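Novice: Got entry-v2.cif for you, mmCIF, C-alpha atoms:
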data_coords
loop_
_atom_site.label_atom_id
_atom_site.label_comp_id
_atom_site.auth_asym_id
_atom_site.auth_seq_id
_atom_site.Cartn_x
_atom_site.Cartn_y
_atom_site.Cartn_z
CA MET A 728 3.78 10.73 83.97
CA PRO A 729 3.70 7.64 81.74
CA THR A 730 2.35 7.95 78.29
CA SER A 731 -1.08 6.40 77.77
CA PRO A 732 -1.43 3.42 75.40
CA SER A 733 -3.53 5.46 72.99
CA VAL A 734 -0.79 8.08 72.72
CA ARG A 735 1.88 5.41 72.27
CA GLU A 736 -0.17 3.85 69.46
CA ARG A 737 -0.60 7.22 67.78
CA THR A 738 3.09 8.11 68.01
CA ALA A 739 4.50 4.70 67.12
CA GLU A 740 5.96 4.20 63.68
CA PRO A 741 3.82 2.13 61.33
CA SER A 742 4.77 -1.46 61.01
CA GLY A 743 5.88 -2.74 57.63
CA PRO A 744 8.82 -4.14 55.77
CA ALA A 745 12.20 -2.99 56.92
CA GLY A 746 13.91 -0.31 54.84
CA PRO A 747 12.49 2.39 52.62
CA VAL A 748 10.65 1.49 49.40
CA THR A 749 12.56 2.91 46.45
CA PRO A 750 10.55 3.58 43.32
CA GLY A 751 11.84 2.24 40.01
CA PRO A 752 13.44 4.45 37.39
CA PRO A 753 11.15 6.67 35.35
CA GLY A 754 9.57 4.84 32.44
CA ALA A 755 10.17 1.38 33.87
CA ASP A 756 6.48 0.45 33.67
CA GLY A 757 6.32 1.66 30.06
CA ASP A 758 9.40 -0.39 29.17
CA ARG A 759 7.85 -3.49 30.71
CA ARG A 760 4.69 -2.95 28.69
CA ARG A 761 6.64 -2.49 25.47
CA ARG A 762 8.71 -5.64 25.86
CA PRO A 763 5.94 -8.04 24.69
CA GLU A 764 5.27 -5.78 21.69
CA ARG A 765 8.95 -5.70 20.77
CA ALA A 766 9.20 -9.47 21.17
CA ALA A 767 6.18 -9.98 18.91
CA LEU A 768 7.67 -7.60 16.32
CA LEU A 769 10.99 -9.45 16.39
CA ARG A 770 9.18 -12.78 15.99
CA ARG A 771 7.29 -11.48 12.93
CA ILE A 772 10.48 -10.14 11.38
CA GLY A 773 12.29 -13.39 12.10
CA LEU A 774 9.52 -15.50 10.55
CA ARG A 775 9.48 -13.35 7.43
CA VAL A 776 13.25 -13.50 7.05
CA LEU A 777 13.13 -17.26 7.54
CA ALA A 778 10.37 -17.63 4.93
CA LEU A 779 12.37 -15.52 2.47
CA ALA A 780 15.48 -17.63 3.08
CA VAL A 781 13.49 -20.83 2.51
CA LEU A 782 12.07 -19.51 -0.76
CA LEU A 783 15.52 -18.47 -1.97
CA GLY A 784 16.86 -21.88 -1.02
CA LEU A 785 14.11 -23.66 -2.95
CA TRP A 786 14.66 -21.40 -5.94
CA GLN A 787 18.41 -22.10 -5.92
CA SER A 788 17.81 -25.84 -5.54
CA VAL A 789 15.42 -25.95 -8.49
CA THR A 790 17.82 -24.08 -10.75
CA ALA A 791 20.79 -26.19 -9.58
CA LEU A 792 18.98 -29.38 -10.59
CA GLN A 793 18.65 -27.93 -14.14
CA LEU A 794 15.14 -29.28 -14.57
CA TRP A 795 14.37 -26.37 -16.87
CA SER A 796 16.42 -24.21 -19.17
CA PRO A 797 17.96 -21.06 -17.57
CA VAL A 798 15.98 -19.10 -20.16
CA LEU A 799 12.77 -20.37 -18.55
CA VAL A 800 13.85 -20.31 -14.90
CA PRO A 801 16.84 -18.03 -14.23
CA SER A 802 18.91 -18.63 -11.13
CA PRO A 803 19.15 -16.15 -8.25
CA ALA A 804 22.74 -15.45 -9.32
CA ALA A 805 21.57 -14.54 -12.83
CA VAL A 806 18.96 -12.16 -11.45
CA TRP A 807 21.61 -10.62 -9.19
CA ARG A 808 23.89 -10.07 -12.20
CA ALA A 809 20.99 -8.45 -14.04
CA LEU A 810 20.50 -6.14 -11.05
CA LEU A 811 24.14 -5.09 -11.14
CA GLU A 812 24.11 -4.57 -14.91
CA THR A 813 20.92 -2.50 -14.93
CA SER A 814 21.98 -0.40 -11.95
CA GLY A 815 25.09 1.14 -13.48
CA THR A 816 27.25 1.37 -16.61
CA HIS A 817 28.91 -1.79 -17.96
CA ASP A 818 30.91 -2.05 -21.19
CA GLY A 819 29.82 1.43 -22.15
CA VAL A 820 26.11 0.58 -21.78
CA ARG A 821 24.19 2.48 -19.12
CA GLY A 822 21.53 0.44 -17.36
CA TYR A 823 18.86 -0.99 -19.65
CA GLN A 824 18.13 0.91 -22.85
CA GLY A 825 20.01 3.94 -21.53
CA HIS A 826 18.29 4.15 -18.11
CA THR A 827 19.15 2.49 -14.82
CA LEU A 828 16.72 0.25 -12.98
CA ILE A 829 15.92 2.91 -10.39
CA GLU A 830 15.16 5.40 -13.18
CA HIS A 831 12.79 2.94 -14.87
CA LEU A 832 11.07 2.31 -11.55
CA GLY A 833 10.88 6.01 -10.70
CA ILE A 834 9.19 6.86 -14.00
CA SER A 835 6.63 4.11 -13.49
CA LEU A 836 5.99 5.26 -9.92
CA ARG A 837 5.41 8.80 -11.16
CA ARG A 838 2.85 7.49 -13.64
CA ILE A 839 1.17 5.46 -10.90
CA PHE A 840 0.97 8.34 -8.44
CA VAL A 841 -0.34 10.78 -11.05
CA GLY A 842 -2.77 8.40 -12.74
CA ALA A 843 -3.93 6.50 -9.66
CA GLY A 844 -4.02 9.74 -7.65
CA ALA A 845 -6.44 11.24 -10.16
CA GLY A 846 -8.51 8.06 -10.02
CA VAL A 847 -8.59 8.17 -6.20
CA VAL A 848 -9.81 11.78 -6.21
CA ALA A 849 -12.50 10.96 -8.78
CA GLY A 850 -13.51 7.89 -6.77
CA LEU A 851 -13.79 9.91 -3.57
CA VAL A 852 -16.04 12.50 -5.20
CA ALA A 853 -18.20 9.86 -6.88
CA GLY A 854 -18.38 7.79 -3.68
CA VAL A 855 -19.45 10.71 -1.49
CA LEU A 856 -22.14 11.71 -3.98
CA MET A 857 -23.36 8.12 -4.31
CA GLY A 858 -23.45 7.67 -0.54
CA THR A 859 -25.30 10.91 0.24
CA LEU A 860 -27.62 11.37 -2.77
CA PRO A 861 -29.73 8.34 -3.66
CA TRP A 862 -30.48 9.54 -7.21
CA VAL A 863 -26.75 9.90 -7.92
CA ARG A 864 -26.21 6.34 -6.70
CA VAL A 865 -28.91 5.11 -9.08
CA VAL A 866 -27.22 6.88 -11.99
CA LEU A 867 -23.54 6.17 -11.26
CA GLU A 868 -23.56 2.75 -9.64
CA PRO A 869 -24.04 0.77 -12.90
CA ALA A 870 -21.25 2.72 -14.60
CA VAL A 871 -18.85 2.18 -11.71
CA ALA A 872 -19.68 -1.53 -11.59
CA PHE A 873 -19.18 -1.75 -15.36
CA LEU A 874 -15.72 -0.17 -15.16
CA ARG A 875 -14.79 -2.36 -12.20
CA THR A 876 -15.36 -5.53 -14.23
CA LEU A 877 -13.32 -4.42 -17.25
CA PRO A 878 -9.69 -5.59 -17.48
CA PRO A 879 -7.33 -2.70 -18.26
CA LEU A 880 -6.19 -4.11 -21.60
CA ALA A 881 -9.81 -4.24 -22.77
CA TYR A 882 -10.00 -0.45 -23.11
CA PHE A 883 -6.33 0.46 -23.48
CA SER A 884 -6.48 0.19 -27.26
CA LEU A 885 -9.36 2.64 -27.32
CA LEU A 886 -7.42 5.06 -25.13
CA ILE A 887 -4.49 4.87 -27.56
CA ILE A 888 -6.83 5.75 -30.44
CA TRP A 889 -8.18 8.71 -28.49
CA PHE A 890 -4.97 10.08 -26.92
CA GLY A 891 -2.06 8.69 -28.95
CA ILE A 892 0.91 6.67 -27.66
CA ASP A 893 2.54 9.16 -25.28
CA GLU A 894 1.82 9.62 -21.56
CA ALA A 895 -1.90 10.44 -21.76
CA PRO A 896 -3.29 6.92 -22.43
CA LYS A 897 -1.10 5.44 -19.67
CA LEU A 898 -2.33 7.96 -17.11
CA TRP A 899 -5.94 7.53 -18.20
CA LEU A 900 -5.62 3.75 -17.93
CA LEU A 901 -4.29 3.92 -14.39
CA ALA A 902 -6.90 6.50 -13.37
CA ILE A 903 -9.79 4.42 -14.74
CA ALA A 904 -8.43 1.28 -13.06
CA ALA A 905 -8.03 3.03 -9.68
CA MET A 906 -11.35 4.87 -9.56
CA PRO A 907 -13.95 2.06 -9.05
CA PRO A 908 -12.60 0.49 -5.81
CA VAL A 909 -12.39 3.89 -4.12
CA ALA A 910 -15.88 4.87 -5.30
CA VAL A 911 -17.41 1.59 -4.09
CA ALA A 912 -15.67 1.69 -0.70
CA THR A 913 -16.48 5.35 -0.13
CA ALA A 914 -20.15 5.01 -1.14
CA SER A 915 -20.64 2.00 1.13
CA ALA A 916 -18.90 3.67 4.09
CA VAL A 917 -20.71 6.99 3.68
CA ALA A 918 -24.12 5.29 3.35
CA SER A 919 -23.51 3.33 6.57
CA ALA A 920 -22.47 6.33 8.67
CA PRO A 921 -23.93 6.25 12.22
CA THR A 922 -27.47 7.59 12.00
CA ALA A 923 -27.44 8.83 15.59
CA LEU A 924 -24.42 11.06 14.97
CA VAL A 925 -25.89 12.40 11.74
CA GLU A 926 -29.19 13.22 13.42
CA ALA A 927 -27.42 14.84 16.36
CA ALA A 928 -25.42 17.06 14.02
CA ARG A 929 -28.57 18.10 12.19
CA ALA A 930 -30.34 18.78 15.48
CA ILE A 931 -27.75 21.38 16.47
CA GLY A 932 -28.17 23.17 13.13
CA ALA A 933 -25.36 21.72 11.02
CA ARG A 934 -25.85 22.06 7.27
CA ARG A 935 -25.55 19.13 4.85
CA GLY A 936 -21.98 19.99 3.93
CA GLN A 937 -20.97 20.29 7.58
CA VAL A 938 -22.57 16.96 8.39
CA VAL A 939 -20.64 15.30 5.57
CA THR A 940 -17.26 16.82 6.43
CA SER A 941 -17.54 16.67 10.23
CA VAL A 942 -19.46 13.44 10.83
CA VAL A 943 -19.84 11.24 7.76
CA LEU A 944 -16.31 11.37 6.32
CA PRO A 945 -14.48 10.84 9.65
CA SER A 946 -16.61 7.78 10.39
CA ALA A 947 -16.06 6.46 6.85
CA LEU A 948 -12.32 7.17 6.79
CA PRO A 949 -11.04 3.63 7.60
CA GLU A 950 -13.09 2.05 4.79
CA ILE A 951 -12.08 4.83 2.41
CA LEU A 952 -8.41 4.19 3.14
CA VAL A 953 -8.90 0.47 2.46
CA GLY A 954 -10.35 1.43 -0.93
CA VAL A 955 -7.32 3.66 -1.58
CA ARG A 956 -4.99 0.77 -0.82
CA LEU A 957 -6.91 -1.46 -3.22
CA ALA A 958 -6.81 1.27 -5.87
CA PHE A 959 -3.04 1.62 -5.74
CA GLY A 960 -2.67 -2.16 -5.83
CA ILE A 961 -4.82 -2.37 -8.95
CA ALA A 962 -2.93 0.52 -10.53
CA TYR A 963 0.35 -1.21 -9.81
CA SER A 964 -0.87 -4.44 -11.38
CA SER A 965 -1.93 -2.42 -14.43
CA VAL A 966 1.36 -0.60 -14.95
CA VAL A 967 2.76 -3.31 -17.25
CA ALA A 968 -0.38 -3.08 -19.38
CA ALA A 969 -0.11 0.71 -19.36
CA GLU A 970 3.47 0.53 -20.61
CA THR A 971 3.00 -2.07 -23.33
CA VAL A 972 3.04 0.73 -25.91
CA ASN A 973 5.92 3.20 -25.84
CA GLY A 974 6.64 2.24 -22.23
CA LEU A 975 10.40 2.81 -22.19
CA PRO A 976 11.64 4.21 -19.94
CA GLY A 977 9.47 2.49 -17.32
CA ILE A 978 9.58 -0.71 -15.32
CA GLY A 979 6.67 -2.21 -17.26
CA GLY A 980 8.33 -1.25 -20.54
CA LEU A 981 11.56 -2.84 -19.31
CA ILE A 982 9.74 -6.11 -18.60
CA ARG A 983 8.00 -6.10 -21.97
CA ASP A 984 11.20 -5.29 -23.88
CA ALA A 985 13.23 -7.94 -22.02
CA GLN A 986 10.50 -10.50 -22.74
CA ARG A 987 10.89 -9.92 -26.47
CA TYR A 988 14.55 -10.96 -26.25
CA ASN A 989 14.00 -13.86 -23.83
CA GLN A 990 15.93 -12.09 -21.07
CA SER A 991 14.10 -13.87 -18.28
CA ASP A 992 16.57 -12.74 -15.62
CA THR A 993 15.75 -9.10 -16.41
CA VAL A 994 12.03 -9.92 -16.47
CA VAL A 995 12.23 -11.51 -13.01
CA LEU A 996 14.25 -8.53 -11.79
CA GLY A 997 11.55 -6.15 -13.01
CA LEU A 998 8.89 -8.21 -11.26
CA PHE A 999 10.85 -8.07 -8.01
CA ALA A 1000 11.24 -4.31 -8.38
CA ILE A 1001 7.48 -3.91 -8.80
CA GLY A 1002 6.70 -6.25 -5.92
CA VAL A 1003 9.13 -4.74 -3.40
CA SER A 1004 8.16 -1.16 -4.19
CA GLY A 1005 4.49 -2.17 -4.06
CA LEU A 1006 4.99 -3.63 -0.58
CA LEU A 1007 6.63 -0.39 0.56
CA ILE A 1008 3.78 1.71 -0.84
CA ASP A 1009 1.19 -0.51 0.84
CA ALA A 1010 3.08 -0.31 4.13
CA ALA A 1011 3.12 3.48 3.86
CA LEU A 1012 -0.63 3.52 3.20
CA ARG A 1013 -1.23 1.24 6.20
CA LEU A 1014 0.82 3.57 8.39
CA LEU A 1015 -1.15 6.53 7.07
CA ALA A 1016 -4.41 4.72 7.86
CA ASP A 1017 -3.24 3.99 11.41
CA ARG A 1018 -2.30 7.63 11.92
CA LEU A 1019 -5.51 9.08 10.47
CA ALA A 1020 -7.88 6.54 12.01
CA PRO A 1021 -6.16 5.06 15.07
CA TRP A 1022 -9.46 3.97 16.61
CA ARG A 1023 -9.98 1.30 13.98
CA SER A 1024 -7.93 -1.76 13.15
CA HIS A 1025 -6.68 -2.15 9.58
CA THR A 1026 -5.99 -5.26 7.58
#
Show how you would write the structure in this file as structure tokens.

Specialist:
Amino acid sequence: MPTSPSVRERTAEPSGPAGPVTPGPPGADGDRRRRPERAALLRRIGLRVLALAVLLGLWQSVTALQLWSPVLVPSPAAVWRALLETSGTHDGVRGYQGHTLIEHLGISLRRIFVGAGAGVVAGLVAGVLMGTLPWVRVVLEPAVAFLRTLPPLAYFSLLIIWFGIDEAPKLWLLAIAAMPPVAVATASAVASAPTALVEAARAIGARRGQVVTSVVLPSALPEILVGVRLAFGIAYSSVVAAETVNGLPGIGGLIRDAQRYNQSDTVVLGLFAIGVSGLLIDAALRLLADRLAPWRSHT
């Protein structure tokens, strides 16, 4: 008995392209998505390397023309020789004033992390209080604004009178310089926390402290981290001022001492050391901000 057309249609193989469809290797789609990101990263790195090469070329050209004395504008080769001399022992002299360049930089970084770290903590506390308690904002805001407008050297002499010439005035200087930007950023971010989330937390019985720690601070975290980045940048720019008195060993003390003897190559080397390490610290803070607050973009 012949098979009916309906049965033949049900039992026939589905039409389509000849041959089985083989799926791609695992992760192929993810690799394709990452390729544009990798290409963009390589382009950024290439542009930065190219810009650095152009700047070095211009610097070398200016010094080769001898428009200025080498004391005023040292050549890249002179700065490189200063790097080699301050990084080891030459002719029985170890580094600069008995310490290598990395030791000078490490001591300054320790001062920055201790001093600026204390300033960041103080700024966080002051900012949270200013953002949550209006009467505290009325009391502290003028003082924070006053400190923010003062250049570090303006009060460094007073700190030396109070605390002497050892480590204490340097740490106090860096702490005072780092505190205002964190306090301002934290107060502004805390005060602008989403009202709906705050009210919802209060509606389910959360206490003031729980609202602050569970709702306000997480929403304010990106702005707080921007203030922390600014604080460390200000502290880094103040390290030379902090080390003007009894700053050796220290990278700022190295710059000040080399300036007295017109060693411009060592001065430029110290500036490069501060700048490169500052870029690395800022990159680390940006990475920390991206990890702690991945839902927000950071600049």

Novice: Each residue of stretch 766-819 of chain A with at least one atom at most 7 Å from stretch 986-997 of chain A should appear once, together with its nearest atom pair and the corresponding distance in Å (one decimal); atoms considered: only C-alpha atoms; ordering: chain, then increasing residue number; output as a Markdown table.

Specialist:
| residue | atom | partner | partner_atom | distance |
| --- | --- | --- | --- | --- |
| A:Val798 | CA | A:Ser991 | CA | 5.9 |
| A:Leu799 | CA | A:Ser991 | CA | 6.6 |
| A:Pro801 | CA | A:Asp992 | CA | 5.5 |
| A:Ala805 | CA | A:Asp992 | CA | 6.0 |
| A:Val806 | CA | A:Asp992 | CA | 4.8 |
| A:Ala809 | CA | A:Thr993 | CA | 5.8 |
| A:Leu810 | CA | A:Leu996 | CA | 6.7 |

Novice: So how far away is atom CA of A:Met857 from atom CA of A:Gly936, in Å?

Specialist: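 Rounded to one decimal, the two atoms are 14.5 Å apart.
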
Novice: Which residues, written as a list in words, have at least one atom at most 7 Å from A:Gly954, with all atoms listed in the file counted and residues fewer than 5 positions away on the same chain left out?

Specialist: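 Skipping anything fewer than 5 positions along the chain leaves Pro908, Val909 and Ala912 of chain A.
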
Novice: Please evaluate the PyMOL selection byres ((chain A and resi 902) around 12) against the structure above and give the resulting residues as a short mmCIF file (atom, residue, chain, number, x, y, z; two decimals) with C-alpha atoms, in the frame of the given file.

Specialist:
data_model
loop_
_atom_site.label_atom_id
_atom_site.label_comp_id
_atom_site.auth_asym_id
_atom_site.auth_seq_id
_atom_site.Cartn_x
_atom_site.Cartn_y
_atom_site.Cartn_z
CA ARG A 838 2.85 7.49 -13.64
CA ILE A 839 1.17 5.46 -10.90
CA PHE A 840 0.97 8.34 -8.44
CA VAL A 841 -0.34 10.78 -11.05
CA GLY A 842 -2.77 8.40 -12.74
CA ALA A 843 -3.93 6.50 -9.66
CA GLY A 844 -4.02 9.74 -7.65
CA ALA A 845 -6.44 11.24 -10.16
CA GLY A 846 -8.51 8.06 -10.02
CA VAL A 847 -8.59 8.17 -6.20
CA VAL A 848 -9.81 11.78 -6.21
CA ALA A 849 -12.50 10.96 -8.78
CA GLY A 850 -13.51 7.89 -6.77
CA LEU A 874 -15.72 -0.17 -15.16
CA ARG A 875 -14.79 -2.36 -12.20
CA PRO A 879 -7.33 -2.70 -18.26
CA PHE A 883 -6.33 0.46 -23.48
CA LEU A 886 -7.42 5.06 -25.13
CA ALA A 895 -1.90 10.44 -21.76
CA PRO A 896 -3.29 6.92 -22.43
CA LYS A 897 -1.10 5.44 -19.67
CA LEU A 898 -2.33 7.96 -17.11
CA TRP A 899 -5.94 7.53 -18.20
CA LEU A 900 -5.62 3.75 -17.93
CA LEU A 901 -4.29 3.92 -14.39
CA ILE A 903 -9.79 4.42 -14.74
CA ALA A 904 -8.43 1.28 -13.06
CA ALA A 905 -8.03 3.03 -9.68
CA MET A 906 -11.35 4.87 -9.56
CA PRO A 907 -13.95 2.06 -9.05
CA PRO A 908 -12.60 0.49 -5.81
CA VAL A 909 -12.39 3.89 -4.12
CA ALA A 958 -6.81 1.27 -5.87
CA PHE A 959 -3.04 1.62 -5.74
CA ILE A 961 -4.82 -2.37 -8.95
CA ALA A 962 -2.93 0.52 -10.53
CA TYR A 963 0.35 -1.21 -9.81
CA SER A 965 -1.93 -2.42 -14.43
CA VAL A 966 1.36 -0.60 -14.95
CA ALA A 969 -0.11 0.71 -19.36
#

Novice: Could you check the closest approach to A:Leu856 for each of A:Glu868, A:Asp818, A:Asp1017, A:Asp1009 and tell me which residue wins, using all atoms listed in the file?

Specialist: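 Among A:Glu868, A:Asp818, A:Asp1017, A:Asp1009, it is A:Glu868 that comes nearest to A:Leu856.
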
Novice: If I take atom CA of A:Asp893 and atom CA of A:Gly960, how far is one from the other in Å, to one decimal?

Specialist: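 Those two atoms sit 23.1 Å apart.
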
Novice: Quick check, in Å to one decimal: how far apart do atom CA of A:Val863 and atom CA of A:Trp889 lie?

Specialist: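 Those two atoms sit 27.7 Å apart.
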
Novice: Determine the nearest neighbour of A:Ile1008 from the options A:Ala872, A:Leu867, A:Val911, A:Leu836, counting only C-alpha atoms.

Specialist: A:Leu836

Novice: For each of A:Val972, A:Leu794, A:Ala853, A:Ala1020, take the minimum atom-to-atom distance to A:Ala910, counting all atoms listed in the file, then give the residue where this is smallest.

Specialist: A:Ala853

Novice: Near A:Leu1019, within 9 Å and counting only C-alpha atoms, which residues show up once chain neighbours fewer than 3 positions away are dropped, as a PyMOL selection string?

Specialist: chain A and resi 948-949+1014-1016+1022

Novice: What lies within 7 Å of stretch 773-790 of chain A using all atoms listed in the file, ignoring chain neighbours under 5 positions off, as number ranges by chain?

Specialist: A: 800, 802-803

Novice: Looking at A:Glu894, A:Gly858, A:Ser884, A:Arg770, which one is nearest to A:Leu975, with distances taken over only C-alpha atoms?

Specialist: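 Of all the options, A:Glu894 lies closest to A:Leu975.
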
Novice: Could you tell me which of A:Ala985, A:Leu832, A:Ile951, A:Leu860 comes closest to A:Thr971 if we count all atoms listed in the file?

Specialist: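 Counting all atoms listed in the file, the residue closest to A:Thr971 is A:Ala985.
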
Novice: Any chance you could resolve the PyMOL selection byres ((chain A and resi 827) around 12) against this file and give the residues as a ChimeraX atom specification?

Specialist: /A:809-817,820-826,828-834,975-978,981,997

Novice: List, as JSON, numbers by chain, every residue that the PyMOL selection byres ((chain A and resi 941-944) around 8) selects in the file provided.

Specialist: {"A": [917, 920, 921, 924, 925, 928, 937, 938, 939, 940, 945, 946, 947, 948]}

Novice: Could those residues be written to a file, using C-alpha atoms, as a CSV table (one decimal), keeping the file's coordinate frame?

Specialist:
chain,number,residue,atom,x,y,z
A,917,VAL,CA,-20.7,7.0,3.7
A,920,ALA,CA,-22.5,6.3,8.7
A,921,PRO,CA,-23.9,6.2,12.2
A,924,LEU,CA,-24.4,11.1,15.0
A,925,VAL,CA,-25.9,12.4,11.7
A,928,ALA,CA,-25.4,17.1,14.0
A,937,GLN,CA,-21.0,20.3,7.6
A,938,VAL,CA,-22.6,17.0,8.4
A,939,VAL,CA,-20.6,15.3,5.6
A,940,THR,CA,-17.3,16.8,6.4
A,945,PRO,CA,-14.5,10.8,9.6
A,946,SER,CA,-16.6,7.8,10.4
A,947,ALA,CA,-16.1,6.5,6.8
A,948,LEU,CA,-12.3,7.2,6.8

Novice: For a quick check of understanding, using all atoms listed in the file, which of A:Leu1007, A:Ile1001, A:Val871, A:Ala881 has the smallest distance to A:Gly979?

Specialist: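 The shortest atom-to-atom distance to A:Gly979 comes from A:Ile1001.
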